[in-house]
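J.: So here's structure.tsv (TSV, C-alpha atoms).
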```
chain	number	residue	atom	x	y	z
A	1	MET	CA	-14.46	2.03	-1.22
A	2	THR	CA	-6.59	0.10	4.93
A	3	SER	CA	-7.61	0.99	5.63
A	4	VAL	CA	-10.12	-1.52	4.61
A	5	THR	CA	-6.95	-3.61	4.54
A	6	GLU	CA	-3.54	-3.62	6.10
A	7	THR	CA	-3.07	-3.61	9.82
A	8	SER	CA	-2.05	-0.63	11.94
A	9	LYS	CA	0.15	-2.88	14.02
A	10	MET	CA	3.72	-1.82	14.23
A	11	GLY	CA	6.27	-4.59	14.05
A	12	GLN	CA	9.66	-5.31	12.64
A	13	GLY	CA	8.79	-3.47	9.44
A	14	ALA	CA	8.88	-0.15	11.26
A	15	GLY	CA	11.69	-1.04	13.58
A	16	ILE	CA	9.87	0.08	16.72
A	17	ALA	CA	7.94	-1.55	19.50
A	18	ALA	CA	4.80	-3.48	18.60
A	19	GLY	CA	1.42	-1.87	19.15
A	20	ARG	CA	-1.33	-0.07	17.27
A	21	LEU	CA	-0.79	3.31	15.74
A	22	VAL	CA	-3.84	5.29	16.79
A	23	ALA	CA	-2.97	7.98	14.23
A	24	LEU	CA	-3.36	5.49	11.36
A	25	ASP	CA	-6.63	4.20	12.77
A	26	LEU	CA	-7.85	7.81	12.95
A	27	ALA	CA	-6.90	8.28	9.30
A	28	ARG	CA	-8.86	5.17	8.39
A	29	SER	CA	-11.84	6.38	10.40
A	30	ALA	CA	-11.78	9.65	8.48
A	31	ALA	CA	-11.70	7.76	5.17
A	32	LEU	CA	-14.59	5.56	6.32
A	33	LEU	CA	-16.62	8.65	7.25
A	34	ALA	CA	-16.03	10.18	3.81
A	35	MET	CA	-17.05	6.89	2.20
A	36	ALA	CA	-20.24	6.71	4.27
A	37	VAL	CA	-21.15	10.29	3.34
A	38	PHE	CA	-20.78	9.52	-0.36
A	39	HIS	CA	-22.73	6.27	-0.13
A	40	PHE	CA	-25.48	7.97	1.86
A	41	ALA	CA	-25.79	10.59	-0.87
A	42	PHE	CA	-25.90	7.79	-3.46
A	43	ASP	CA	-28.68	6.06	-1.52
A	44	LEU	CA	-30.66	9.29	-1.23
A	45	GLU	CA	-30.38	9.71	-4.99
A	46	LEU	CA	-31.37	6.09	-5.56
A	47	PHE	CA	-34.62	6.48	-3.59
A	48	GLY	CA	-35.52	9.89	-4.96
A	49	PHE	CA	-34.57	12.04	-1.98
A	50	ALA	CA	-31.87	13.74	-4.08
A	51	ALA	CA	-31.97	14.84	-7.69
A	52	PRO	CA	-30.86	12.29	-10.33
A	53	GLY	CA	-27.18	12.67	-11.15
A	54	THR	CA	-26.33	14.31	-7.82
A	55	THR	CA	-23.39	12.02	-7.08
A	56	MET	CA	-22.07	12.55	-10.60
A	57	LEU	CA	-21.48	16.24	-9.93
A	58	PRO	CA	-17.78	17.22	-9.75
A	59	GLY	CA	-17.72	17.76	-6.00
A	60	TRP	CA	-19.18	14.35	-5.25
A	61	ARG	CA	-17.00	12.62	-7.82
A	62	TRP	CA	-13.89	14.16	-6.31
A	63	LEU	CA	-15.00	13.05	-2.86
A	64	ALA	CA	-15.27	9.49	-4.20
A	65	TYR	CA	-11.86	9.68	-5.90
A	66	LEU	CA	-10.10	11.13	-2.86
A	67	THR	CA	-11.72	8.62	-0.52
A	68	ALA	CA	-10.67	5.63	-2.63
A	69	GLY	CA	-7.21	7.13	-3.04
A	70	SER	CA	-6.85	7.61	0.71
A	71	PHE	CA	-7.68	3.97	1.40
A	72	LEU	CA	-5.10	2.81	-1.14
A	73	PHE	CA	-2.51	5.29	0.13
A	74	LEU	CA	-2.94	3.77	3.59
A	75	VAL	CA	-2.53	0.31	2.09
A	76	GLY	CA	0.93	1.34	0.89
A	77	MET	CA	1.81	2.70	4.32
A	78	GLY	CA	0.58	-0.48	5.98
A	79	LEU	CA	2.77	-2.61	3.73
A	80	VAL	CA	5.89	-0.72	4.81
A	81	LEU	CA	4.98	-0.80	8.49
A	82	GLY	CA	4.13	-4.48	8.45
A	83	HIS	CA	6.65	-5.90	6.00
A	84	GLY	CA	9.30	-3.26	5.27
A	85	GLN	CA	12.09	-5.32	6.85
A	86	GLY	CA	10.81	-8.72	5.78
A	87	ILE	CA	7.49	-10.11	4.65
A	88	ARG	CA	5.57	-11.83	7.43
A	89	TRP	CA	3.81	-14.28	5.14
A	90	ARG	CA	1.48	-15.84	7.66
A	91	GLY	CA	-0.07	-12.58	8.80
A	92	PHE	CA	-0.05	-11.17	5.29
A	93	GLY	CA	-1.71	-14.27	3.84
A	94	TRP	CA	-4.45	-14.28	6.45
A	95	ARG	CA	-5.32	-10.61	5.87
A	96	LEU	CA	-5.21	-11.09	2.11
A	97	LEU	CA	-7.57	-14.05	2.40
A	98	LYS	CA	-10.06	-12.02	4.43
A	99	ILE	CA	-10.01	-9.14	1.96
A	100	ALA	CA	-10.35	-11.47	-1.04
A	101	ALA	CA	-13.26	-13.28	0.62
A	102	ALA	CA	-14.99	-9.98	1.36
A	103	ALA	CA	-14.44	-8.88	-2.25
A	104	ALA	CA	-16.02	-12.12	-3.46
A	105	VAL	CA	-19.04	-11.51	-1.23
A	106	ILE	CA	-19.42	-8.00	-2.69
A	107	THR	CA	-19.22	-9.38	-6.23
A	108	LEU	CA	-21.85	-12.04	-5.55
A	109	ALA	CA	-24.22	-9.66	-3.74
A	110	THR	CA	-24.06	-6.97	-6.41
A	111	TRP	CA	-24.37	-9.53	-9.20
A	112	ILE	CA	-27.63	-10.69	-7.63
A	113	ALA	CA	-28.90	-7.15	-6.93
A	114	MET	CA	-27.73	-5.38	-10.09
A	115	PRO	CA	-26.29	-7.79	-12.67
A	116	GLU	CA	-26.07	-5.03	-15.29
A	117	ALA	CA	-23.51	-3.08	-13.21
A	118	PHE	CA	-22.19	-5.50	-10.58
A	119	ILE	CA	-18.83	-4.96	-8.87
A	120	PHE	CA	-16.26	-7.25	-10.45
A	121	PHE	CA	-13.17	-5.19	-9.52
A	122	GLY	CA	-14.01	-2.63	-6.88
A	123	ILE	CA	-12.06	-1.11	-4.02
A	124	LEU	CA	-11.67	-4.38	-2.10
A	125	HIS	CA	-10.51	-6.24	-5.21
A	126	CYS	CA	-8.00	-3.47	-5.88
A	127	ILE	CA	-6.79	-3.50	-2.29
A	128	ALA	CA	-6.22	-7.26	-2.41
A	129	ALA	CA	-4.36	-7.11	-5.73
A	130	SER	CA	-2.40	-3.99	-4.76
A	131	SER	CA	-1.36	-5.49	-1.44
A	132	LEU	CA	0.19	-8.40	-3.28
A	133	LEU	CA	1.76	-6.27	-6.02
A	134	GLY	CA	3.04	-3.76	-3.50
A	135	LEU	CA	5.35	-6.32	-1.90
A	136	ALA	CA	7.57	-6.13	-4.99
A	137	PHE	CA	8.08	-2.38	-4.50
A	138	LEU	CA	8.86	-2.16	-0.78
A	139	ARG	CA	12.64	-1.82	-1.15
A	140	LEU	CA	12.65	0.77	-3.95
A	141	PRO	CA	13.83	4.33	-3.16
A	142	ALA	CA	11.12	6.93	-2.70
A	143	PRO	CA	12.02	8.90	-5.89
A	144	VAL	CA	11.71	5.72	-7.96
A	145	LEU	CA	8.36	4.91	-6.37
A	146	LEU	CA	7.11	8.41	-7.13
A	147	ALA	CA	8.21	8.11	-10.75
A	148	ILE	CA	6.53	4.73	-11.20
A	149	GLY	CA	3.41	6.04	-9.50
A	150	ALA	CA	3.27	8.94	-11.93
A	151	VAL	CA	3.45	6.52	-14.88
A	152	VAL	CA	0.71	4.31	-13.40
A	153	LEU	CA	-1.47	7.39	-12.94
A	154	TRP	CA	-0.76	8.80	-16.40
A	155	LEU	CA	-0.95	5.69	-18.57
A	156	PRO	CA	-4.73	5.00	-18.65
A	157	ASN	CA	-5.43	8.68	-19.28
A	158	ALA	CA	-2.95	8.85	-22.14
A	159	MET	CA	-3.63	5.64	-24.03
A	160	ARG	CA	-5.88	2.59	-24.17
A	161	PHE	CA	-5.22	-0.79	-25.76
A	162	PRO	CA	-7.80	-2.85	-27.70
A	163	ALA	CA	-5.75	-5.92	-26.81
A	164	PHE	CA	-7.10	-5.52	-23.25
A	165	ASP	CA	-10.76	-5.36	-24.31
A	166	ALA	CA	-11.51	-8.95	-23.29
A	167	PRO	CA	-13.36	-9.03	-19.93
A	168	TRP	CA	-10.58	-10.96	-18.15
A	169	PHE	CA	-8.26	-7.96	-18.72
A	170	TRP	CA	-10.63	-5.32	-17.34
A	171	TRP	CA	-8.91	-5.40	-13.95
A	172	THR	CA	-6.02	-3.55	-15.58
A	173	GLY	CA	-8.01	-0.47	-16.56
A	174	LEU	CA	-6.16	-0.30	-19.89
A	175	GLN	CA	-8.96	-1.56	-22.15
A	176	ALA	CA	-10.43	0.63	-24.90
A	177	VAL	CA	-14.07	-0.33	-24.26
A	178	GLY	CA	-16.29	1.36	-21.69
A	179	ILE	CA	-17.08	-0.41	-18.41
A	180	ARG	CA	-20.29	-0.25	-16.41
A	181	SER	CA	-19.95	-1.00	-12.72
A	182	VAL	CA	-21.11	0.76	-9.57
A	183	ASP	CA	-17.58	0.50	-8.16
A	184	TYR	CA	-14.69	0.10	-10.58
A	185	VAL	CA	-11.16	0.56	-9.22
A	186	PRO	CA	-8.66	-0.98	-11.70
A	187	ILE	CA	-4.93	-1.28	-11.12
A	188	PHE	CA	-4.23	1.51	-13.59
A	189	PRO	CA	-4.45	4.23	-12.29
A	190	TRP	CA	-5.34	3.13	-8.74
A	191	PHE	CA	-2.08	1.38	-7.90
A	192	ALA	CA	-0.50	4.85	-7.94
A	193	PRO	CA	-1.77	5.86	-4.46
A	194	VAL	CA	-0.38	2.60	-3.07
A	195	LEU	CA	3.07	3.44	-4.44
A	196	LEU	CA	2.79	6.95	-3.04
A	197	GLY	CA	1.86	5.48	0.35
A	198	ILE	CA	4.91	3.22	0.27
A	199	ALA	CA	7.13	6.18	-0.60
A	200	ALA	CA	5.61	8.37	2.11
A	201	ALA	CA	5.93	5.65	4.75
A	202	ARG	CA	9.59	5.11	3.93
A	203	LEU	CA	10.32	8.84	4.10
A	204	MET	CA	8.47	9.09	7.41
A	205	GLN	CA	10.43	6.13	8.73
A	206	LYS	CA	13.74	7.83	7.88
A	207	ALA	CA	12.53	11.02	9.56
A	208	GLY	CA	11.54	9.15	12.75
A	209	VAL	CA	7.86	10.05	12.39
A	210	TRP	CA	6.60	6.55	13.15
A	211	GLU	CA	8.56	6.39	16.39
A	212	ARG	CA	7.03	9.69	17.51
A	213	LEU	CA	3.54	8.55	16.57
A	214	ALA	CA	4.05	5.29	18.45
A	215	ARG	CA	4.88	7.28	21.60
A	216	TRP	CA	1.75	9.42	21.32
A	217	GLN	CA	-0.51	8.86	24.32
A	218	ALA	CA	-3.92	9.22	22.70
A	219	GLY	CA	-6.78	10.26	24.94
A	220	PRO	CA	-10.16	8.54	25.29
A	221	MET	CA	-11.77	10.70	22.58
A	222	ALA	CA	-9.06	9.95	20.04
A	223	ARG	CA	-9.24	6.24	20.78
A	224	ALA	CA	-13.02	6.26	20.41
A	225	LEU	CA	-12.78	8.05	17.06
A	226	ALA	CA	-10.11	5.58	15.95
A	227	LEU	CA	-12.26	2.55	16.74
A	228	PRO	CA	-13.97	2.32	13.30
A	229	GLY	CA	-10.56	2.48	11.63
A	230	ARG	CA	-9.39	-0.41	13.74
A	231	TYR	CA	-12.15	-2.59	12.29
A	232	SER	CA	-12.32	-0.95	8.88
A	233	LEU	CA	-13.09	-4.08	6.87
A	234	ALA	CA	-16.09	-4.92	9.04
A	235	VAL	CA	-17.31	-1.32	8.89
A	236	TYR	CA	-16.97	-1.34	5.13
A	237	LEU	CA	-19.05	-4.48	4.80
A	238	VAL	CA	-21.92	-3.42	7.07
A	239	HIS	CA	-22.21	0.33	6.52
A	240	GLN	CA	-23.97	0.29	3.14
A	241	PRO	CA	-26.62	-2.32	4.09
A	242	VAL	CA	-27.37	-0.24	7.19
A	243	LEU	CA	-27.53	3.05	5.28
A	244	ILE	CA	-29.64	1.72	2.44
A	245	SER	CA	-32.02	0.07	4.91
A	246	LEU	CA	-32.52	3.38	6.71
A	247	VAL	CA	-33.15	5.26	3.47
A	248	TRP	CA	-35.52	2.53	2.27
A	249	LEU	CA	-37.43	2.76	5.56
A	250	ALA	CA	-37.66	6.53	5.17
A	251	ALA	CA	-39.00	6.06	1.64
A	252	GLN	CA	-41.68	3.66	2.92
A	253	LEU	CA	-42.72	6.08	5.65
A	254	ARG	CA	-42.87	8.89	3.10
A	255	GLY	CA	-45.27	6.76	1.11
```
Take the structure from the file and write it as structure tokens.
T.:
Amino acid sequence: MTSVTETSKMGQGAGIAAGRLVALDLARSAALLAMAVFHFAFDLELFGFAAPGTTMLPGWRWLAYLTAGSFLFLVGMGLVLGHGQGIRWRGFGWRLLKIAAAAAVITLATWIAMPEAFIFFGILHCIAASSLLGLAFLRLPAPVLLAIGAVVLWLPNAMRFPAFDAPWFWWTGLQAVGIRSVDYVPIFPWFAPVLLGIAAARLMQKAGVWERLARWQAGPMARALALPGRYSLAVYLVHQPVLISLVWLAAQLRG
């Protein structure tokens, strides 16, 4: 469902010494754990270990929404930390390419496995697009970012536009027709958490929070827990094949 995205490296964008922020990697690890829990429940439902419709219950749906939102919120933070004082195009381009390539792999794999509901604009697609769009908002004041974020969040719930019904506009989330996909994360409303992350990161920068976090001497346990967040894209790509293989094996043993 950066994050599965932006780096935790601190550079000129934060105005402090370079290095990894263990606190951000811990946040990503927590988001990855929540994602794995939801996907494990989905796999259990898929193979009959859980009742049909389990992951459509409100609690599970909210877990999915909050997990996706947390990843995108961290994308916004990562944009400020990495590029707040000037876009480092080489590093940005390389990360964007990796995310876009991973998104393409997800699209191809799901199209082969489930063509009726394949992922054409899921969390990785949204992260890639939002990372690029977010660059245009890095210098805006936090109140303006919050206001724009509120509009992005509100618009698809308030109105839909038949002009966006053609499939090549479905990435917007503003179409009037229903969409079937196992992971659908369109720009509206999901660009809102990115804007909120940008606003929060800028406020934290003014308050000196990043400098204090950079000075935190994390212990061995914290660093171990932060390790998945450091390699979040790789974890995202491998976790579901591993989980579904384990559940499939359990189903075979159950007979």
J.: So that I can see what lies close to range 250-255 of chain A, please list as a list of chain:residue names the residues with an atom at most 9 Å from it, counting all atoms listed in the file and leaving out residues fewer than 6 positions away in the same chain.
T.: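 Answer for this query is A:Phe47, A:Gly48, A:Phe49.
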J.: Could you please determine the separation between CA of Ala166 in chain A and CA of Tyr65 in chain A in Å, to one decimal place?
T.: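 Taking CA of Ala166 in chain A and CA of Tyr65 in chain A, their separation equals 25.5 Å.
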J.: Looking at only C-alpha atoms, which of A:Leu146, A:Ile87, A:Leu174, A:Val185 is the one that sits closest to Phe121 in chain A?
T.: A:Val185
J.: Which residue is closest to Val238 in chain A? Choose from A:Ala102, A:Leu225, A:Leu195, A:Val152 and count all atoms listed in the file.
T.: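 Residue with the minimum atom-to-atom distance to Val238 in chain A: A:Ala102.
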J.: Using Å and a single decimal, report how far CA of Ala117 in chain A sits from CA of Phe164 in chain A.
T.: 19.4 Å
J.: When distances are computed from all atoms listed in the file, which of A:Ala150, A:Met114, A:Leu32, A:Leu57 shows the smallest separation from Pro228 in chain A?
T.: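 Of A:Ala150, A:Met114, A:Leu32, A:Leu57, the one nearest Pro228 in chain A is A:Leu32, counting all atoms listed in the file.
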J.: One decimal, in Å: what's the spacing between CA of Ala36 in chain A and CA of Leu74 in chain A?
T.: 17.6 Å
J.: With all atoms listed in the file as the atoms that count, which of A:Leu124, A:Leu44, A:Val22, A:Val209 lies nearest to Ser245 in chain A?
T.: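 Nearest candidate to Ser245 in chain A out of A:Leu124, A:Leu44, A:Val22, A:Val209: A:Leu44.
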J.: From (-2.3, -0.5, -15.2), in the file's coordinates, out to 7 Å: which residues are reached, counting only C-alpha atoms? Answer as a list in words.
T.: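 Applying the cut-off with only C-alpha atoms, one gets Val152, Pro156, Thr172, Gly173, Leu174, Ile187, Phe188 and Pro189 of chain A.
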J.: For Ile106 in chain A, which of A:Leu138, A:Ala224, A:Leu237, A:Ala68 is the closest residue, counting all atoms listed in the file?
T.: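 The closest residue to Ile106 in chain A is A:Leu237.
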